[in-house]
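Engineer: Hey, dropping query26.cif in here, mmCIF, C-alpha atoms:
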data_query
#
loop_
_atom_site.label_atom_id
_atom_site.label_comp_id
_atom_site.auth_asym_id
_atom_site.auth_seq_id
_atom_site.Cartn_x
_atom_site.Cartn_y
_atom_site.Cartn_z
CA MET P 106 0.00 0.00 0.00
CA ALA P 107 1.55 3.29 -1.11
CA VAL P 108 2.23 5.87 1.56
CA THR P 109 1.15 9.49 1.13
CA ILE P 110 3.92 11.83 2.24
CA ASN P 111 5.23 15.13 0.95
CA ARG P 112 8.82 15.43 -0.18
CA ARG P 113 9.79 17.81 2.64
CA GLU P 114 8.83 15.22 5.23
CA SER P 115 10.27 12.27 3.34
CA ALA P 116 13.59 14.09 2.78
CA ALA P 117 13.80 15.01 6.48
CA LEU P 118 13.03 11.44 7.51
CA ILE P 119 15.50 9.76 5.17
CA ASN P 120 18.33 12.23 5.79
CA SER P 121 17.91 12.13 9.56
CA LEU P 122 17.45 8.39 9.89
CA THR P 123 20.40 7.65 7.61
CA ALA P 124 22.56 9.91 9.77
CA GLY P 125 21.28 8.24 12.94
CA VAL P 126 19.47 11.30 14.32
CA VAL P 127 15.80 11.92 15.05
CA PRO P 128 13.84 13.94 12.45
CA ARG P 129 11.70 16.82 13.68
CA ILE P 130 8.82 16.16 11.27
CA GLY P 131 7.01 13.23 9.67
CA LEU P 132 7.49 10.82 12.57
CA ARG P 133 3.94 9.52 12.28
CA HIS P 134 4.86 7.81 9.01
CA ILE P 135 7.34 5.42 10.65
CA ALA P 136 6.22 5.20 14.29
CA VAL P 137 5.58 1.63 15.46
CA GLY P 138 4.91 0.08 18.86
CA ARG P 139 5.31 2.00 22.15
CA HIS P 140 1.54 2.11 22.68
CA GLY P 141 1.78 1.85 26.47
CA GLU P 142 4.45 4.55 26.66
CA VAL P 143 2.52 6.92 24.39
CA ASN P 144 -0.68 6.42 26.39
CA ALA P 145 1.23 7.23 29.59
CA PHE P 146 2.36 10.54 28.09
CA LEU P 147 -1.15 11.30 26.86
CA GLN P 148 -2.37 10.84 30.45
CA ASP P 149 0.28 13.36 31.51
CA LEU P 150 -0.94 15.84 28.89
CA ALA P 151 -4.47 15.50 30.24
CA THR P 152 -3.21 16.16 33.77
CA ILE P 153 -1.28 19.24 32.66
CA GLU P 154 -4.26 20.57 30.71
CA ASP P 155 -6.32 20.35 33.89
CA GLY P 156 -3.83 22.48 35.80
CA GLY P 157 -1.52 19.79 37.09
CA ALA P 158 2.12 19.01 36.38
CA ALA P 159 4.18 15.98 35.33
CA PHE P 160 7.75 14.73 35.35
CA ARG P 161 9.01 11.68 33.47
CA PHE P 162 12.32 10.05 32.70
CA VAL P 163 12.59 8.04 29.49
CA CYS P 164 15.23 5.36 29.96
CA GLY P 165 16.90 3.32 27.22
CA GLN P 166 20.21 2.38 25.64
CA TYR P 167 21.72 4.44 22.81
CA GLY P 168 19.55 4.11 19.73
CA SER P 169 16.61 2.56 21.58
CA GLY P 170 14.20 5.33 20.58
CA LYS P 171 14.27 7.74 23.55
CA SER P 172 14.65 10.86 21.42
CA PHE P 173 12.20 9.50 18.86
CA LEU P 174 9.55 8.99 21.54
CA LEU P 175 10.06 12.46 23.01
CA GLN P 176 9.93 14.02 19.56
CA THR P 177 6.71 12.13 18.80
CA ILE P 178 5.12 13.40 22.01
CA ARG P 179 6.39 16.92 21.25
CA ASN P 180 4.74 16.95 17.83
CA ASN P 181 1.53 15.46 19.19
CA ALA P 182 1.41 18.06 21.98
CA MET P 183 1.74 20.96 19.54
CA GLU P 184 -1.21 19.61 17.59
CA ARG P 185 -3.14 19.66 20.87
CA SER P 186 -2.31 23.38 21.39
CA PHE P 187 0.46 22.98 23.92
CA VAL P 188 3.55 25.16 23.83
CA VAL P 189 6.73 23.07 23.79
CA MET P 190 10.44 23.72 24.28
CA ASP P 191 13.35 21.33 24.01
CA ALA P 192 17.11 21.21 24.54
CA ASP P 193 19.90 18.65 24.45
CA LEU P 194 22.23 18.68 27.43
CA SER P 195 25.97 18.88 26.75
CA PRO P 196 29.17 19.87 28.61
CA GLU P 197 28.13 23.51 27.98
CA ARG P 198 24.45 22.97 28.84
CA ARG P 199 23.55 21.44 32.20
CA LEU P 200 20.94 22.19 34.84
CA THR P 201 23.38 24.29 36.85
CA GLY P 202 27.09 25.08 36.81
CA ALA P 203 29.74 27.57 37.82
CA GLY P 204 30.13 28.65 34.20
CA GLY P 205 26.47 29.47 33.62
CA GLN P 206 25.62 26.09 32.09
CA GLY P 207 22.10 26.19 33.58
CA LEU P 208 21.36 29.54 31.96
CA ALA P 209 22.73 28.15 28.68
CA THR P 210 20.15 25.36 28.89
CA TYR P 211 17.39 27.91 29.54
CA ARG P 212 18.46 29.94 26.50
CA GLU P 213 18.43 26.81 24.37
CA LEU P 214 14.94 25.97 25.59
CA ILE P 215 13.67 29.48 24.80
CA GLN P 216 15.26 29.38 21.38
CA HIS P 217 13.32 26.17 20.67
CA LEU P 218 10.04 27.47 22.09
CA SER P 219 7.48 26.16 19.58
CA THR P 220 3.77 26.15 18.83
CA ARG P 221 1.60 24.54 16.20
CA THR P 222 2.03 27.55 13.91
CA ARG P 223 5.75 27.93 14.72
CA PRO P 224 6.91 24.30 15.03
CA GLU P 225 10.57 25.04 14.29
CA GLY P 226 11.06 27.29 17.34
CA SER P 227 11.58 31.02 18.00
CA ALA P 228 7.89 31.34 18.92
CA LEU P 229 8.36 33.67 21.91
CA GLU P 230 7.48 36.89 20.11
CA SER P 231 4.62 35.36 18.15
CA ILE P 232 3.05 34.12 21.41
CA LEU P 233 3.31 37.60 22.92
CA GLN P 234 1.90 39.29 19.83
CA LYS P 235 -0.98 36.85 19.49
CA TRP P 236 -1.99 37.30 23.13
CA ILE P 237 -1.69 41.10 23.10
CA ALA P 238 -3.49 41.45 19.75
CA SER P 239 -6.35 39.29 21.01
CA MET P 240 -6.57 41.31 24.24
CA GLN P 241 -6.39 44.61 22.36
CA THR P 242 -9.19 43.59 19.99
CA THR P 243 -11.41 42.45 22.86
CA ILE P 244 -10.91 45.64 24.91
CA ALA P 245 -11.36 47.94 21.89
CA LYS P 246 -14.65 46.25 21.12
CA GLU P 247 -15.90 46.18 24.73
CA GLU P 248 -15.03 49.83 25.46
CA ASN P 249 -15.68 51.15 21.94
CA LEU P 250 -12.13 52.48 21.53
CA GLN P 251 -10.35 53.04 18.24
CA VAL P 252 -7.09 51.22 17.56
CA ASN P 253 -5.14 54.50 17.69
CA ASP P 254 -6.89 55.84 20.80
CA PRO P 255 -4.30 56.62 23.55
CA ALA P 256 -6.79 55.35 26.11
CA LEU P 257 -6.42 51.90 24.62
CA ILE P 258 -2.79 51.69 25.76
CA LYS P 259 -3.72 52.25 29.38
CA ALA P 260 -6.75 49.94 29.13
CA VAL P 261 -4.60 47.12 27.75
CA SER P 262 -1.88 47.77 30.35
CA ASP P 263 -4.51 47.59 33.10
CA LYS P 264 -5.84 44.36 31.64
CA ILE P 265 -2.34 42.88 31.44
CA ALA P 266 -1.76 43.74 35.10
CA GLU P 267 -5.12 42.17 36.00
CA VAL P 268 -4.55 38.98 34.01
CA LEU P 269 -0.99 38.57 35.26
CA SER P 270 -1.81 39.39 38.88
CA GLU P 271 -1.69 35.68 39.69
CA LEU P 272 1.85 35.55 38.37
CA SER P 273 2.86 38.49 40.58
CA GLU P 274 2.27 36.31 43.63
CA MET P 275 4.94 33.86 42.46
CA ALA P 276 8.69 34.26 42.72
CA TYR P 277 9.86 36.81 40.13
CA GLY P 278 6.29 37.18 38.92
CA PHE P 279 6.20 40.96 39.42
CA ALA P 280 9.26 41.46 37.20
CA PHE P 281 7.86 39.03 34.63
CA SER P 282 4.57 40.95 34.45
CA ASN P 283 6.41 44.27 34.11
CA VAL P 284 8.44 42.94 31.19
CA ILE P 285 5.31 41.73 29.39
CA ASP P 286 3.77 45.17 29.95
CA SER P 287 6.95 46.82 28.60
CA TYR P 288 6.74 44.71 25.47
CA TRP P 289 3.13 45.86 24.95
CA LYS P 290 4.03 49.51 25.39
CA GLY P 291 6.93 49.19 22.99
CA MET P 292 4.68 47.43 20.51
CA LYS P 293 1.95 50.08 20.74
CA ASN P 294 4.25 53.12 20.72
CA GLY P 295 6.53 51.85 18.00
CA ASP P 296 9.43 51.70 20.46
CA ASP P 297 11.49 48.85 18.99
CA ALA P 298 14.25 49.35 21.56
CA LEU P 299 11.82 48.69 24.44
CA LYS P 300 10.44 45.61 22.68
CA THR P 301 13.95 44.32 22.09
CA SER P 302 14.87 44.89 25.73
CA ALA P 303 11.80 42.95 26.89
CA LEU P 304 12.64 40.04 24.59
CA ARG P 305 16.28 40.07 25.71
CA TRP P 306 15.16 39.83 29.33
CA LEU P 307 12.75 36.96 28.63
CA ARG P 308 15.49 35.12 26.73
CA GLY P 309 17.89 35.45 29.63
CA GLU P 310 20.36 37.60 27.71
CA TYR P 311 21.12 40.27 30.32
CA ALA P 312 24.51 39.83 31.98
CA ASN P 313 23.63 41.70 35.19
CA LYS P 314 20.76 43.40 37.03
CA THR P 315 22.17 46.90 36.56
CA GLU P 316 22.00 46.67 32.78
CA ALA P 317 18.47 45.26 32.88
CA LYS P 318 17.24 47.87 35.37
CA ARG P 319 18.57 50.63 33.15
CA GLU P 320 16.30 49.54 30.29
CA LEU P 321 13.32 47.90 32.02
CA PRO P 322 11.29 48.35 35.26
CA VAL P 323 12.81 45.22 36.87
CA ASP P 324 15.13 44.42 39.76
CA SER P 325 16.03 40.85 38.74
CA ILE P 326 17.25 38.85 35.75
CA ILE P 327 17.06 35.23 34.66
CA ASP P 328 20.24 33.49 35.78
CA ASP P 329 21.78 30.09 36.42
CA GLN P 330 20.01 29.60 39.74
CA ASN P 331 16.46 30.79 39.06
CA TRP P 332 15.74 29.80 35.43
CA TYR P 333 13.37 26.98 36.40
CA GLU P 334 11.21 29.48 38.33
CA PHE P 335 10.74 31.35 35.06
CA LEU P 336 9.67 28.18 33.28
CA LYS P 337 6.84 27.93 35.80
CA LEU P 338 5.91 31.54 35.06
CA PHE P 339 5.97 30.83 31.34
CA ALA P 340 3.68 27.84 31.92
CA LEU P 341 1.03 30.00 33.59
CA PHE P 342 1.49 32.74 31.02
CA VAL P 343 0.96 30.50 27.97
CA LYS P 344 -2.14 29.10 29.65
CA LYS P 345 -3.52 32.63 29.98
CA ALA P 346 -2.49 33.26 26.37
CA GLY P 347 -4.89 30.55 25.21
CA TYR P 348 -2.68 27.46 25.13
CA LYS P 349 -3.12 24.31 27.19
CA GLY P 350 0.21 24.37 28.98
CA LEU P 351 3.99 24.17 28.60
CA LEU P 352 6.02 21.01 27.96
CA VAL P 353 9.79 20.97 28.53
CA PHE P 354 11.81 18.22 26.81
CA ILE P 355 15.40 17.69 27.97
CA ASP P 356 17.38 15.09 26.03
CA GLU P 357 20.83 13.56 26.54
CA GLY P 358 20.63 13.42 30.34
CA VAL P 359 23.69 11.17 30.21
CA ASN P 360 25.77 14.37 30.03
CA LEU P 361 25.03 14.89 33.73
CA TYR P 362 26.29 11.38 34.40
CA LYS P 363 29.51 12.25 32.58
CA ILE P 364 30.36 15.14 34.93
CA ASN P 365 33.53 13.94 36.64
CA HIS P 366 33.48 16.30 39.62
CA LYS P 367 31.17 14.77 42.23
CA GLN P 368 30.11 18.06 43.79
CA ALA P 369 29.20 19.53 40.39
CA ARG P 370 27.33 16.35 39.49
CA ASP P 371 25.42 16.36 42.78
CA SER P 372 24.47 20.03 42.26
CA ASN P 373 22.82 19.04 38.99
CA TYR P 374 21.08 16.09 40.62
CA GLU P 375 19.82 18.41 43.35
CA LYS P 376 18.32 20.57 40.59
CA VAL P 377 16.65 17.48 39.15
CA LEU P 378 15.25 16.74 42.62
CA THR P 379 13.93 20.29 42.97
CA ILE P 380 12.09 20.12 39.64
CA PHE P 381 10.83 16.59 40.39
CA ASN P 382 9.45 17.58 43.79
CA ASP P 383 7.90 20.75 42.40
CA THR P 384 5.96 18.92 39.72
CA MET P 385 5.02 15.83 41.71
CA GLN P 386 3.90 17.69 44.84
CA GLY P 387 1.53 20.02 43.02
CA LYS P 388 3.61 23.19 43.45
CA ALA P 389 3.77 23.78 39.69
CA GLU P 390 0.85 24.23 37.28
CA TYR P 391 0.32 23.61 33.58
CA ILE P 392 3.86 22.29 33.07
CA GLY P 393 5.41 18.97 32.14
CA VAL P 394 9.14 18.13 32.26
CA PHE P 395 10.38 15.09 30.33
CA MET P 396 14.02 14.00 30.45
CA SER P 397 15.75 11.13 28.68
CA GLY P 398 18.90 9.20 29.50
CA THR P 399 20.61 5.83 29.49
CA PRO P 400 20.13 3.20 32.22
CA GLN P 401 23.58 4.12 33.55
CA PHE P 402 22.48 7.75 33.97
CA ILE P 403 19.54 6.68 36.11
CA TYR P 404 20.50 3.43 37.86
CA ASP P 405 24.27 3.64 38.40
CA GLU P 406 24.66 3.89 42.17
CA ARG P 407 28.17 5.31 41.90
CA ARG P 408 27.53 8.35 39.70
CA GLY P 409 24.02 8.09 38.25
CA LEU P 410 20.80 9.53 39.67
CA PHE P 411 20.71 6.59 42.07
CA SER P 412 23.93 7.87 43.66
CA TYR P 413 21.79 10.70 45.05
CA GLU P 414 19.80 9.08 47.84
CA ALA P 415 16.77 11.37 47.64
CA LEU P 416 16.36 10.57 43.94
CA ARG P 417 16.99 6.85 44.36
CA SER P 418 14.11 6.54 46.82
CA ARG P 419 11.79 8.47 44.48
CA LEU P 420 12.73 6.69 41.26
CA ALA P 421 12.93 3.13 42.57
CA ASP P 422 11.11 0.58 40.41
CA ASN P 423 7.77 -0.88 41.40
CA ARG P 424 8.77 -4.19 42.98
CA PHE P 425 5.72 -5.85 41.45
CA ALA P 426 6.66 -4.74 37.93
CA ILE P 427 8.34 -8.06 37.15
CA LYS P 428 8.95 -9.39 33.64
CA GLY P 429 5.77 -9.15 31.60
CA PHE P 430 4.26 -6.41 33.78
CA VAL P 431 4.96 -2.72 33.25
CA ASP P 432 3.88 0.15 35.50
CA PHE P 433 3.40 3.11 33.17
CA THR P 434 2.59 5.42 36.10
CA SER P 435 6.19 5.15 37.28
CA PRO P 436 8.37 8.29 36.96
CA VAL P 437 10.79 6.22 34.87
CA ILE P 438 9.55 4.78 31.58
CA LYS P 439 11.91 2.05 30.40
CA LEU P 440 11.93 1.45 26.66
CA GLU P 441 11.74 -2.27 26.02
CA GLN P 442 13.07 -3.82 22.84
CA LEU P 443 10.71 -3.73 19.86
CA THR P 444 9.09 -7.08 19.11
CA ALA P 445 9.83 -8.98 15.90
CA GLU P 446 6.38 -8.00 14.61
CA GLU P 447 7.04 -4.31 15.31
CA ILE P 448 10.43 -4.44 13.60
CA TYR P 449 8.84 -6.09 10.56
CA LEU P 450 6.22 -3.32 10.42
CA LEU P 451 9.02 -0.75 10.69
CA LEU P 452 10.80 -2.34 7.70
CA GLU P 453 7.58 -2.17 5.69
CA ARG P 454 7.13 1.52 6.46
CA LEU P 455 10.75 2.30 5.63
CA CYS P 456 10.33 0.54 2.30
CA GLU P 457 7.22 2.61 1.54
CA LEU P 458 8.96 5.82 2.64
CA HIS P 459 12.04 5.19 0.51
CA SER P 460 10.12 4.24 -2.63
CA SER P 461 7.76 7.21 -2.22
CA HIS P 462 10.63 9.67 -1.87
CA TYR P 463 12.60 8.34 -4.85
CA SER P 464 9.51 7.60 -6.97
CA TYR P 465 9.98 3.92 -7.64
CA GLU P 466 8.17 0.73 -6.71
CA CYS P 467 9.83 -1.19 -3.91
CA ASN P 468 9.91 -4.87 -4.87
CA LEU P 469 10.94 -6.19 -1.47
CA GLY P 470 8.12 -8.40 -0.28
CA GLN P 471 7.40 -10.56 2.73
CA LYS P 472 10.15 -13.04 1.85
CA GLU P 473 12.92 -10.43 1.62
CA LEU P 474 11.81 -8.53 4.72
CA THR P 475 11.64 -11.78 6.68
CA VAL P 476 15.16 -12.72 5.56
CA PHE P 477 16.48 -9.33 6.68
CA LEU P 478 14.56 -9.54 9.97
CA ASN P 479 15.89 -13.03 10.71
CA MET P 480 19.43 -11.87 9.97
CA VAL P 481 18.99 -8.98 12.41
CA LEU P 482 17.45 -11.15 15.12
CA GLY P 483 20.03 -13.88 14.57
CA ARG P 484 22.98 -11.68 15.42
CA LEU P 485 24.85 -12.53 18.60
CA GLY P 486 23.53 -10.35 21.41
CA ALA P 487 20.54 -9.08 19.43
CA ASP P 488 18.19 -10.11 22.24
CA GLN P 489 19.74 -7.38 24.41
CA LEU P 490 21.45 -4.90 22.09
CA LEU P 491 19.13 -4.63 19.09
CA THR P 492 17.96 -1.02 18.68
CA PRO P 493 15.62 0.71 16.19
CA ARG P 494 18.37 3.16 15.20
CA GLU P 495 20.73 0.43 14.00
CA VAL P 496 18.04 -1.56 12.22
CA THR P 497 16.81 1.60 10.49
CA ARG P 498 20.24 2.74 9.35
CA ASP P 499 21.16 -0.70 8.03
CA PHE P 500 17.90 -1.18 6.16
CA LEU P 501 17.95 2.30 4.58
CA GLY P 502 21.54 1.65 3.56
CA LEU P 503 20.43 -1.57 1.90
CA LEU P 504 17.60 0.23 0.08
CA ASN P 505 20.00 2.93 -1.10
CA ILE P 506 22.36 0.37 -2.65
CA LEU P 507 19.51 -1.51 -4.33
CA HIS P 508 18.00 1.68 -5.73
CA GLN P 509 21.31 3.06 -6.99
CA ASN P 510 22.33 -0.27 -8.52
CA PRO P 511 19.26 -1.64 -10.33
CA GLU P 512 21.23 -4.60 -11.69
CA THR P 513 21.84 -5.85 -8.14
CA THR P 514 19.27 -8.09 -6.45
CA PHE P 515 18.39 -8.36 -2.78
CA ASP P 516 19.61 -11.98 -2.60
CA GLU P 517 22.87 -11.09 -4.26
CA LEU P 518 23.56 -8.21 -1.90
CA ILE P 519 22.44 -9.90 1.30
CA ASN P 520 24.62 -12.92 0.59
CA LYS P 521 27.76 -10.93 -0.23
CA GLN P 522 30.69 -12.22 1.78
CA GLY P 523 31.39 -9.94 4.71
CA PHE P 524 27.94 -8.35 4.81
CA SER P 525 26.72 -7.92 8.38
CA VAL P 526 24.01 -6.06 10.18
CA GLN P 527 25.40 -3.77 12.87
CA SER P 528 22.40 -4.21 15.12
CA ALA P 529 24.24 -5.87 17.99
CA GLU P 530 27.14 -3.44 18.18
CA LYS P 531 27.48 -1.07 21.10
CA ASP P 532 27.41 2.63 20.43
CA PRO P 533 31.03 3.85 20.17
CA GLU P 534 30.21 6.67 22.59
CA GLN P 535 29.00 4.10 25.08
CA ILE P 536 32.21 2.09 24.76
CA ASP P 537 34.31 5.22 25.27
CA GLU P 538 32.14 6.25 28.19
CA GLU P 539 32.50 2.88 29.93
CA SER P 540 36.27 2.85 29.56
CA ASP P 541 36.57 6.51 30.62
CA ASN P 542 34.35 6.02 33.63
CA LEU P 543 36.30 3.01 34.87
CA PHE P 544 38.89 5.30 36.43
CA ALA P 545 36.92 8.58 36.45
CA GLU P 546 36.81 8.88 40.21
CA PHE P 547 39.87 6.83 41.18
CA ASP P 548 41.81 8.63 43.90
CA ILE P 549 45.34 7.90 45.09
#
Would you give me this structure, written as structure tokens?
Structural biologist:
Amino acid sequence: MAVTINRRESAALINSLTAGVVPRIGLRHIAVGRHGEVNAFLQDLATIEDGGAAFRFVCGQYGSGKSFLLQTIRNNAMERSFVVMDADLSPERRLTGAGGQGLATYRELIQHLSTRTRPEGSALESILQKWIASMQTTIAKEENLQVNDPALIKAVSDKIAEVLSELSEMAYGFAFSNVIDSYWKGMKNGDDALKTSALRWLRGEYANKTEAKRELPVDSIIDDQNWYEFLKLFALFVKKAGYKGLLVFIDEGVNLYKINHKQARDSNYEKVLTIFNDTMQGKAEYIGVFMSGTPQFIYDERRGLFSYEALRSRLADNRFAIKGFVDFTSPVIKLEQLTAEEIYLLLERLCELHSSHYSYECNLGQKELTVFLNMVLGRLGADQLLTPREVTRDFLGLLNILHQNPETTFDELINKQGFSVQSAEKDPEQIDEESDNLFAEFDI
């Protein structure tokens, strides 16, 4: 059955999957399995929409589909009118750090602030303009004011103060409300400098309070220590702006695990604990935080999250969730290996995707797909190390060779001496990490 997909999506899918990274668009065309995990996230979205909060860890080996799952939820949430933001952690971007690494993560999140109409990010200004324009139109109609009437500026400012009064009761809420009001005044008076200053403040771009106070009516700035407090303010703000809530996706949590200095690592884990407690205890509203990482990042009792006692007690597995039973209400969602049936379905969809993009008819049928599947499953260690990323890259590579060499047959290529599927190989980064970590904290 031919798949209907536009070339922009098919190109993004093929290029990303061949390179071993997760595409930002078109995921629905190749998504298979993970029904329990997806339903768990949809329950979280319902909770957030009703004014609650959620925190989840997605746990899996390299290439197991963590980023794919988060990206799928991200796209689904935008379609449901949530505002989303995402960032990958790195040595320069952590949750906190002496070099401003926490603020760097906040800036990355704001840069990738996205909505259904701005799915590629940089949606901060469009959210502000949409909300203010809607408020301005409503007030002008209710009070019979013309668009250019000076009284409209004060009326809208008063309405902004009224709507954001709830935010003023929160930490940094007064400054946040003043900055939103400054943006409105700059927008209405044609003061681009004031608008730019407001956006700079919201993006966390001011180096110190003195500089910010000189340009805006504020006495605080977004910094390495308080950036999460501003995410909670943003969550309430986007709700008042007509959206359902704010979702924060943080990928590559393993970069916290890789921090060699124990005190620096524990400071980041303490930040994780703060956010976890905030969301799980009902202190935050209309916000969801979803973080992904490897099993080592979570379960390693020497330097993973489990090395921090307060987190270990909160993230411990349900003792009744034995093999065959999964508790999808747990804070940690473990990605199990795809079944043979799910992998077969994935191969079918990849075949349809590839042939649709390159405008040819894929002649690989059940026999060929079964042969490839059996070769993948027959690899030594495949029962533990088989990942969707490796299967996908290998199969797309096979399709590329067949398409570019029409004289070559599937049987001929698959039986070439030396051909092997890389599905059971460890990620090189994981191998390096394990060898590096062996002596990471060895003291003489």
Engineer: Set out as JSON lines a contact list for range 285-332 of chain P and range 373-393 of chain P with a cut-off of 12 Å, giving each residue of range 285-332 of chain P that qualifies its closest atom pair and distance in Å to one decimal, counting all atoms listed in the file, ordered by chain and rising residue number.
Structural biologist:
{"residue": "P:Asp329", "atom": "CA", "partner": "P:Lys376", "partner_atom": "CA", "distance": 11.0}
{"residue": "P:Gln330", "atom": "CA", "partner": "P:Lys376", "partner_atom": "CA", "distance": 9.2}
{"residue": "P:Asn331", "atom": "CA", "partner": "P:Lys376", "partner_atom": "CA", "distance": 10.5}
{"residue": "P:Trp332", "atom": "CA", "partner": "P:Lys376", "partner_atom": "CA", "distance": 10.9}
Engineer: Would you mind listing what lies within 8 Å of Met183 in chain P as a list in words, with all atoms listed in the file counted and same-chain residues fewer than 4 positions away left out?
Structural biologist: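 My list of contacting residues is Arg179, Phe187, Val188, Val189, Ser219, Thr220, Arg221 and Pro224 of chain P.
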Engineer: Which neighbours of Thr109 in chain P fall inside 9 Å, counting all atoms listed in the file, when residues of the same chain fewer than 2 positions from it are skipped, and could you give them as a VMD selection string?
Structural biologist: chain P and resid 107 111 134 458 461
Engineer: Identify which of the residues P:Gly207, P:Asp324, P:Ala346, P:Arg185 lies closest to Leu233 in chain P, counting only C-alpha atoms when measuring atom-to-atom distances.
Structural biologist: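 Checking each candidate against Leu233 in chain P, we get P:Ala346 as the closest.
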Engineer: Extract, using only C-alpha atoms, all DNA, RNA and protein residues at most 12 Å from Ile355 in chain P, discarding same-chain residues fewer than 2 positions from it, and format them as a PyMOL selection string.
Structural biologist: chain P and resi 160-163+171-172+175-176+179+189-195+198-200+210-211+213-214+217+352-353+357-361+377+393-398
